[in-house]
Structure formats: structure tokens, C-alpha cells
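K.L.:
Structure file upload.pdb (PDB, C-alpha atoms) is given on the next line.
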ATOM      1  CA  MET A   1     116.512  97.892  79.902  1.00  0.00           C
ATOM      2  CA  LYS A   2     118.084  99.270  83.069  1.00  0.00           C
ATOM      3  CA  ILE A   3     117.337 102.591  84.781  1.00  0.00           C
ATOM      4  CA  TYR A   4     120.159 104.971  85.741  1.00  0.00           C
ATOM      5  CA  LYS A   5     120.562 108.265  87.588  1.00  0.00           C
ATOM      6  CA  VAL A   6     123.120 110.461  85.838  1.00  0.00           C
ATOM      7  CA  ALA A   7     124.646 113.555  87.495  1.00  0.00           C
ATOM      8  CA  LEU A   8     125.524 116.262  84.968  1.00  0.00           C
ATOM      9  CA  SER A   9     127.876 119.214  85.195  1.00  0.00           C
ATOM     10  CA  ARG A  10     126.961 122.031  82.837  1.00  0.00           C
ATOM     11  CA  ALA A  11     128.524 125.404  82.123  1.00  0.00           C
ATOM     12  CA  TYR A  12     127.366 128.235  79.885  1.00  0.00           C
ATOM     13  CA  VAL A  13     128.942 131.366  78.468  1.00  0.00           C
ATOM     14  CA  VAL A  14     126.372 134.153  78.843  1.00  0.00           C
ATOM     15  CA  THR A  15     126.558 137.419  76.918  1.00  0.00           C
ATOM     16  CA  ILE A  16     124.649 140.010  78.935  1.00  0.00           C
ATOM     17  CA  GLU A  17     124.187 143.768  78.855  1.00  0.00           C
ATOM     18  CA  ALA A  18     124.111 145.317  82.360  1.00  0.00           C
ATOM     19  CA  GLU A  19     125.104 148.469  84.223  1.00  0.00           C
ATOM     20  CA  ASN A  20     128.254 146.903  85.737  1.00  0.00           C
ATOM     21  CA  LYS A  21     130.102 143.582  86.035  1.00  0.00           C
ATOM     22  CA  GLU A  22     128.696 142.796  89.489  1.00  0.00           C
ATOM     23  CA  ASN A  23     125.129 143.080  88.185  1.00  0.00           C
ATOM     24  CA  ALA A  24     126.042 141.137  85.046  1.00  0.00           C
ATOM     25  CA  CYS A  25     127.290 138.236  87.202  1.00  0.00           C
ATOM     26  CA  ARG A  26     124.322 138.398  89.564  1.00  0.00           C
ATOM     27  CA  TYR A  27     121.699 138.487  86.814  1.00  0.00           C
ATOM     28  CA  ALA A  28     123.370 135.780  84.726  1.00  0.00           C
ATOM     29  CA  GLU A  29     123.425 133.479  87.776  1.00  0.00           C
ATOM     30  CA  PHE A  30     119.843 134.216  88.781  1.00  0.00           C
ATOM     31  CA  PHE A  31     118.017 134.434  85.453  1.00  0.00           C
ATOM     32  CA  ILE A  32     119.494 131.466  83.555  1.00  0.00           C
ATOM     33  CA  GLY A  33     117.287 128.411  83.745  1.00  0.00           C
ATOM     34  CA  ASP A  34     117.890 125.174  81.838  1.00  0.00           C
ATOM     35  CA  CYS A  35     119.935 126.923  79.123  1.00  0.00           C
ATOM     36  CA  SER A  36     117.273 129.551  78.536  1.00  0.00           C
ATOM     37  CA  ASP A  37     116.562 133.117  79.595  1.00  0.00           C
ATOM     38  CA  ALA A  38     114.170 132.846  82.565  1.00  0.00           C
ATOM     39  CA  SER A  39     113.795 136.616  82.962  1.00  0.00           C
ATOM     40  CA  THR A  40     110.580 138.439  82.192  1.00  0.00           C
ATOM     41  CA  LEU A  41     110.162 141.794  80.470  1.00  0.00           C
ATOM     42  CA  LYS A  42     109.410 143.273  83.905  1.00  0.00           C
ATOM     43  CA  ASP A  43     112.692 141.819  85.312  1.00  0.00           C
ATOM     44  CA  ARG A  44     114.690 143.284  82.423  1.00  0.00           C
ATOM     45  CA  GLN A  45     113.091 146.702  82.793  1.00  0.00           C
ATOM     46  CA  GLU A  46     113.336 146.800  86.606  1.00  0.00           C
ATOM     47  CA  TYR A  47     116.962 145.619  86.855  1.00  0.00           C
ATOM     48  CA  LYS A  48     118.107 147.186  83.554  1.00  0.00           C
ATOM     49  CA  PHE A  49     119.730 144.228  81.810  1.00  0.00           C
ATOM     50  CA  SER A  50     119.331 142.124  78.690  1.00  0.00           C
ATOM     51  CA  ILE A  51     120.609 138.596  78.081  1.00  0.00           C
ATOM     52  CA  LYS A  52     121.903 138.556  74.521  1.00  0.00           C
ATOM     53  CA  GLU A  53     123.155 134.968  74.141  1.00  0.00           C
ATOM     54  CA  ILE A  54     123.504 131.756  76.140  1.00  0.00           C
ATOM     55  CA  GLU A  55     126.108 129.404  74.733  1.00  0.00           C
ATOM     56  CA  PRO A  56     126.521 125.891  76.185  1.00  0.00           C
ATOM     57  CA  ALA A  57     130.228 125.359  76.931  1.00  0.00           C
ATOM     58  CA  ILE A  58     130.431 122.149  78.976  1.00  0.00           C
ATOM     59  CA  ASN A  59     128.030 119.226  79.311  1.00  0.00           C
ATOM     60  CA  ASP A  60     129.681 116.338  81.176  1.00  0.00           C
ATOM     61  CA  ALA A  61     128.258 113.310  82.934  1.00  0.00           C
ATOM     62  CA  ILE A  62     130.164 113.237  86.234  1.00  0.00           C
ATOM     63  CA  ASP A  63     128.490 110.245  87.921  1.00  0.00           C
ATOM     64  CA  VAL A  64     126.141 107.424  86.969  1.00  0.00           C
ATOM     65  CA  GLU A  65     124.357 105.017  89.271  1.00  0.00           C
ATOM     66  CA  GLU A  66     122.196 102.052  88.310  1.00  0.00           C
ATOM     67  CA  VAL A  67     118.838 102.346  90.045  1.00  0.00           C
ATOM     68  CA  ARG A  68     117.142  99.113  88.946  1.00  0.00           C
ATOM     69  CA  ASP A  69     116.071  97.008  86.007  1.00  0.00           C
ATOM     70  CA  HIS A  70     112.975  98.284  84.208  1.00  0.00           C
ATOM     71  CA  GLU A  71     110.122  95.839  84.677  1.00  0.00           C
TER      72      GLU A  71
END
Please lay out the structure from this file as C-alpha cells.

P.N.:
Amino acid sequence: MKIYKVALSRAYVVTIEAENKENACRYAEFFIGDCSDASTLKDRQEYKFSIKEIEPAINDAIDVEEVRDHE
């Protein structure tokens, strides 16, 4: 078997409750990690937001490079 490095491009649609659209954008960018909500209860209480849903929208391999044969 061969070993490859694959570059992925991913996009998500995030449904978030926040005080305004600027905060919604900021918190969605900062608190989304690996298609999961990375915020803590303290974050949500301090910044006054709640991530309701994270929906994967795009998952594309954009580059692949052979690294070596597996030995």
C-alpha cells in the first residue's frame, strides 16, 4: 500500500443564536472545531450565544500527493 497526503477543503452551514450578525460570524468562526461545537458553557454564557446546528456542506479533496510506499 502507498501513503498519501490529501488536502481537504471543508465548509459548514452553522445555525447560531447571537446578539447580532457580527458576533454570529465571529463566534461561528472561532468556536467550530472539526465539525463540532468547541465552545464551553462558560464561553456561551460570557459571549451570549448558542450554536444550534452544524451542517457539513462541502467536503472536497483539493490535492493529493504520494509520500512513499508503506514498508

K.L.:
Going by the chain IDs and residue numbers used in this file, which residues fall under the PyMOL selection byres ((chain A and resi 3-8) around 10)? Write them as a PyMOL selection string.

P.N.:
chain A and resi 1-2+9-10+58-71

K.L.:
On this structure, which residues satisfy the PyMOL selection byres ((chain A and resi 27) around 12), written as a PyMOL selection string?

P.N.:
chain A and resi 14-26+28-33+37-39+43-44+46-51

K.L.:
Centre and edge lengths, as JSON, for the axis-aligned box enclosing every listed atom of stretch 37-52 of chain A with 5 Å of padding on each of the six sides, in Å to one decimal?

P.N.:
{"center_x": 115.7, "center_y": 140.0, "center_z": 80.7, "size_x": 22.5, "size_y": 24.3, "size_z": 22.3}

K.L.:
Write out as a PyMOL selection string the residues lying within 6 Å of A:Tyr12, counting all atoms listed in the file and excluding same-chain residues fewer than 6 positions away.

P.N.:
chain A and resi 55-57

K.L.:
Could those residues be written to a file, using C-alpha atoms, as a PDB file, in the coordinates of the input?

P.N.:
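What ended up in part_3.pdb:
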ATOM      1  CA  GLU A  55     126.108 129.404  74.733  1.00  0.00           C
ATOM      2  CA  PRO A  56     126.521 125.891  76.185  1.00  0.00           C
ATOM      3  CA  ALA A  57     130.228 125.359  76.931  1.00  0.00           C
TER       4      ALA A  57
END
